[in-house]
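This report refers to the structure that appears directly beneath it.
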Amino acid sequence: MMNSAKSIIAPFAVGFWRLLEWQLTDKQCLTYLQQCIELGITDTDHADIYGQYECEAAFGKALKLAPQVREQIKIITKCGIRPALEKKGLAGKANHYDSSKAHIIASAQQSLKNFNTDRLDALLIHRPDYLMEADEVAEAFYTLKRQGDVLDFGVSNFTPSQLELLQARLDFPLFTNQIECSVYQMKALDDGTLDQCQRLFIKPMLWSPLAGGLLFDTQDEKASRLVTVLEQVAQEIGASAIDQVAYTWLNKLPSKPSIVLGTSNINRVESAISALQLTLTREQWYRIWQASTGHSVP
């Protein structure tokens with residue numbers, strides 16, 4: 001029974017994929033990070049390609065202003081996606097995935113430089129690679145682990161069978177499977193992903209927990225159904241906003257996920273954390289499920 005990763009991931013992480021869009025100075029970025037730490041959120045989510053390969057370095061510049069902050073956080077980053085027109089002289093004619101040993105190691109080493117750190121707390125394969133050689137990925141992981149460059153490893157957007165394949169080549173548990181899941185996007189409930197996480201004691205990380213803002217699209221029929229019910233439930237449980245209900249719905253999942261927040265607004269972060277004090281009954285949880293699916297349970 002592999003459960004060493006069980007207590008590693010916190011209920012919330014802060015995602016920095018929009019860091020450049022936030023247009024923060026290095027000092028402002030550091031201040032925001034320190035505010036998150038004060039609120040108890042210390043897991044930070046990144047990827048090499050975010051911001052066209054510039055977000056990691058921007059975050060690293062902020063960390064450089066206060067090196068001691070590095071010891072207060074976990075840096076979780078991803079690699080494996082290679083756009084058609086890559087920077088730094090790496091050309092290509094088609095977007096593709098690369099889970100080769102050489103690429104994984106090179107990406108990790110570049111991330112270390114970007115973050116101005118001596119280790120990554122976790123490295124995830126960003127997307128499933130149809131050409132993935134599980135043994136080769138395992139070799140890359142073992143090399144990085146042996147060198148002390150990366151402490152834990154995981155995957156992102158993997159199907160249960162893809163995770164099972166890679167896990168079979170490792171003698172340590174994968175850290176997480178970072179997947180899309182929200183009250184709007186519930187695919188993971190039925191495709192076996194969350195069942196597998198619970199079975200293997202892997203805490204999933206959930207990206208786009210508010211459906212990338214689609215939840216608030218008044219022209220979307222599904223979103224409109226959801227908002228109506230979310231507002232009703234918010235009144236019933238004392239939530240101050242429907243996003244708190246959406247987070248509470250995710251928090252009730254038995255796999256005990258970590259929710260990746262994608263905001264630079266510290267007030268919204270505080271609101272998300274407050275959702276940990278809220279609870280849903282099974283009936284309320286299924287009312288929201290019904291609003292999303294458009295039908296009752298069988």
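Chain identifiers are assigned as A, B, and so on, following the order in which chains appear in the structure tokens; residues are numbered from 1 within each chain, and ligands are numbered from 1 in order of appearance.
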
How close does segment 129-217 of chain A get to segment 246-268 of chain A? List, as a tab-separated table, each residue of segment 129-217 of chain A within 7 Å, its nearest atom pair and the distance in Å to one decimal, counting only C-alpha atoms.
residue	atom	partner	partner_atom	distance
A:Ser182	CA	A:Leu250	CA	6.9
A:Val183	CA	A:Ala246	CA	6.3
A:Leu194	CA	A:Ser255	CA	6.4
A:Cys197	CA	A:Ser255	CA	6.2
A:Gln198	CA	A:Ser255	CA	4.8
A:Lys203	CA	A:Pro257	CA	5.2
A:Pro204	CA	A:Pro257	CA	4.9
A:Met205	CA	A:Ser258	CA	4.6
A:Leu206	CA	A:Ile259	CA	4.9
A:Trp207	CA	A:Val260	CA	5.3
A:Pro209	CA	A:Ile259	CA	6.7

Q) Hey, what does DSSP flag as helix (DSSP H, G or I) within segment 77-208 of chain A? Can you give it to me as a PyMOL selection string? A) chain A and resi 101-115+134-147+160-167+187-190+193-200

C-alpha atoms of the current selection, written as a compact mmCIF listing (two decimals), in the first residue's frame:
# COMPACT_ATOMS: atom_id res chain seq x y z
CA LYS A 101 14.98 10.97 -20.73
CA ALA A 102 17.13 13.71 -22.23
CA HIS A 103 14.29 16.19 -22.44
CA ILE A 104 12.98 15.54 -18.94
CA ILE A 105 16.44 15.99 -17.41
CA ALA A 106 17.23 19.08 -19.50
CA SER A 107 13.86 20.64 -18.61
CA ALA A 108 14.35 19.99 -14.90
CA GLN A 109 17.82 21.50 -14.95
CA GLN A 110 16.54 24.58 -16.77
CA SER A 111 13.74 24.94 -14.22
CA LEU A 112 16.29 24.83 -11.41
CA LYS A 113 18.07 27.77 -13.04
CA ASN A 114 14.81 29.63 -13.65
CA PHE A 115 13.74 29.35 -10.02
CA ALA A 134 7.87 4.14 -19.41
CA ASP A 135 11.31 2.72 -18.66
CA GLU A 136 12.97 5.82 -20.10
CA VAL A 137 10.81 8.16 -18.04
CA ALA A 138 11.62 6.09 -14.96
CA GLU A 139 15.34 6.38 -15.73
CA ALA A 140 15.01 10.16 -15.93
CA PHE A 141 13.15 10.25 -12.62
CA TYR A 142 15.70 8.02 -10.88
CA THR A 143 18.57 10.15 -12.23
CA LEU A 144 17.05 13.42 -11.04
CA LYS A 145 16.11 11.91 -7.69
CA ARG A 146 19.58 10.45 -7.16
CA GLN A 147 21.17 13.82 -7.95
CA PRO A 160 -5.65 5.65 -15.18
CA SER A 161 -3.94 3.19 -17.53
CA GLN A 162 -1.19 5.69 -18.38
CA LEU A 163 -0.50 6.36 -14.72
CA GLU A 164 -0.60 2.63 -13.96
CA LEU A 165 2.00 1.98 -16.66
CA LEU A 166 4.45 4.52 -15.34
CA GLN A 167 3.85 3.60 -11.70
CA LYS A 187 -15.23 13.73 -16.46
CA ALA A 188 -12.79 12.51 -13.80
CA LEU A 189 -15.67 11.19 -11.71
CA ASP A 190 -16.57 8.61 -14.34
CA THR A 193 -9.13 8.78 -12.54
CA LEU A 194 -10.37 9.75 -9.09
CA ASP A 195 -11.09 6.12 -8.21
CA GLN A 196 -7.48 5.28 -8.97
CA CYS A 197 -6.20 8.21 -6.90
CA GLN A 198 -8.21 7.00 -3.93
CA ARG A 199 -7.04 3.41 -4.41
CA LEU A 200 -3.36 4.39 -4.62

Q: Give the strand (DSSP E) residues of segment 115-190 of chain A, as DSSP finds them on the backbone, and put them as a PyMOL selection string.
A: chain A and resi 120-125+150-156+177-180

Would you mind exporting C-alpha atoms of the selected residues as a compact mmCIF listing (two decimals), in the first residue's frame?
# COMPACT_ATOMS: atom_id res chain seq x y z
CA LEU A 120 12.35 21.09 -7.33
CA ASP A 121 9.88 19.75 -4.81
CA ALA A 122 7.98 17.94 -7.56
CA LEU A 123 8.22 17.50 -11.32
CA LEU A 124 5.21 16.34 -13.35
CA ILE A 125 4.94 15.09 -16.92
CA VAL A 150 13.87 16.68 -7.78
CA LEU A 151 12.30 15.32 -4.60
CA ASP A 152 9.01 13.91 -5.93
CA PHE A 153 7.51 13.08 -9.31
CA GLY A 154 4.04 12.96 -10.75
CA VAL A 155 1.93 13.28 -13.87
CA SER A 156 -0.67 15.63 -15.25
CA ASN A 177 -2.05 13.33 -11.10
CA GLN A 178 -2.98 16.92 -11.91
CA ILE A 179 -6.28 16.91 -13.76
CA GLU A 180 -9.12 19.19 -14.79

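For the pair atom CA of Asp149 of chain A and atom CA of Phe175 of chain A, the separation is 15.4 Å.
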
Q.
Could you list, as a ChimeraX atom specification, every residue within 8 Å of Cys55 of chain A, counting only C-alpha atoms and ignoring same-chain residues fewer than 6 positions away?
A. /A:16-20,46,48-49

Atoms kept (C-alpha atoms) for selection, written as a CSV table (one decimal), in the first residue's frame:
chain,number,residue,atom,x,y,z
A,16,PHE,CA,1.3,30.9,-11.6
A,17,TRP,CA,0.4,30.1,-15.2
A,18,ARG,CA,-0.9,33.7,-15.6
A,19,LEU,CA,1.9,35.4,-13.8
A,20,LEU,CA,2.9,37.5,-16.8
A,46,HIS,CA,4.2,26.0,-12.5
A,48,ASP,CA,8.2,25.2,-18.1
A,49,ILE,CA,6.0,26.5,-21.0

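For the pair atom CA of Phe158 of chain A and atom CA of Pro83 of chain A, the separation is 19.2 Å.
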
Q: Excluding Thr281 of chain A and residues on its chain fewer than 2 positions from it, collect all residues at most 10 Å away from it, counting only C-alpha atoms, and give them as a PyMOL selection string.
A: chain A and resi 237+249+252+279+283-287

Q. If we count only C-alpha atoms, what is near Leu131 of chain A at a cut-off of 9 Å, once residues fewer than 4 positions away on the same chain are taken out, given as a ChimeraX atom specification?
A. /A:97-100

Would you save the residues of that selection, restricted to N, CA and C atoms, as a short mmCIF file (atom, residue, chain, number, x, y, z; two decimals), in the first residue's frame?
data_model
loop_
_atom_site.label_atom_id
_atom_site.label_comp_id
_atom_site.auth_asym_id
_atom_site.auth_seq_id
_atom_site.Cartn_x
_atom_site.Cartn_y
_atom_site.Cartn_z
N TYR A 97 4.68 16.30 -27.90
CA TYR A 97 5.09 15.96 -26.54
C TYR A 97 6.43 15.26 -26.59
N ASP A 98 7.19 15.43 -25.50
CA ASP A 98 8.52 14.82 -25.44
C ASP A 98 8.77 14.34 -24.01
N SER A 99 8.66 13.04 -23.82
CA SER A 99 8.92 12.45 -22.50
C SER A 99 10.21 11.64 -22.52
N SER A 100 11.11 12.01 -23.41
CA SER A 100 12.39 11.32 -23.47
C SER A 100 13.22 11.65 -22.23
#

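The coordinates place atom CA of Val269 of chain A at 23.5 Å from atom CA of Pro67 of chain A.
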
I'd like the neighbourhood of segment 288-295 of chain A as a CSV table (one decimal) with N, CA and C atoms, in the first residue's frame, where a residue qualifies if any of its atoms comes within 6 Å (using only C-alpha atoms), though same-chain residues fewer than 3 positions away should be ignored.
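After the write, out_5.csv holds the following:
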chain,number,residue,atom,x,y,z
A,184,TYR,N,-18.4,22.1,-13.3
A,184,TYR,CA,-18.7,22.1,-14.7
A,184,TYR,C,-18.2,21.0,-15.5
A,225,ARG,N,-27.7,26.8,-15.2
A,225,ARG,CA,-28.3,25.8,-14.3
A,225,ARG,C,-27.5,25.7,-13.0
A,226,LEU,N,-26.2,25.7,-13.2
A,226,LEU,CA,-25.3,25.5,-12.0
A,226,LEU,C,-25.3,26.7,-11.1
A,285,TRP,N,-24.7,18.0,-2.5
A,285,TRP,CA,-23.6,17.6,-3.4
A,285,TRP,C,-24.2,17.1,-4.7
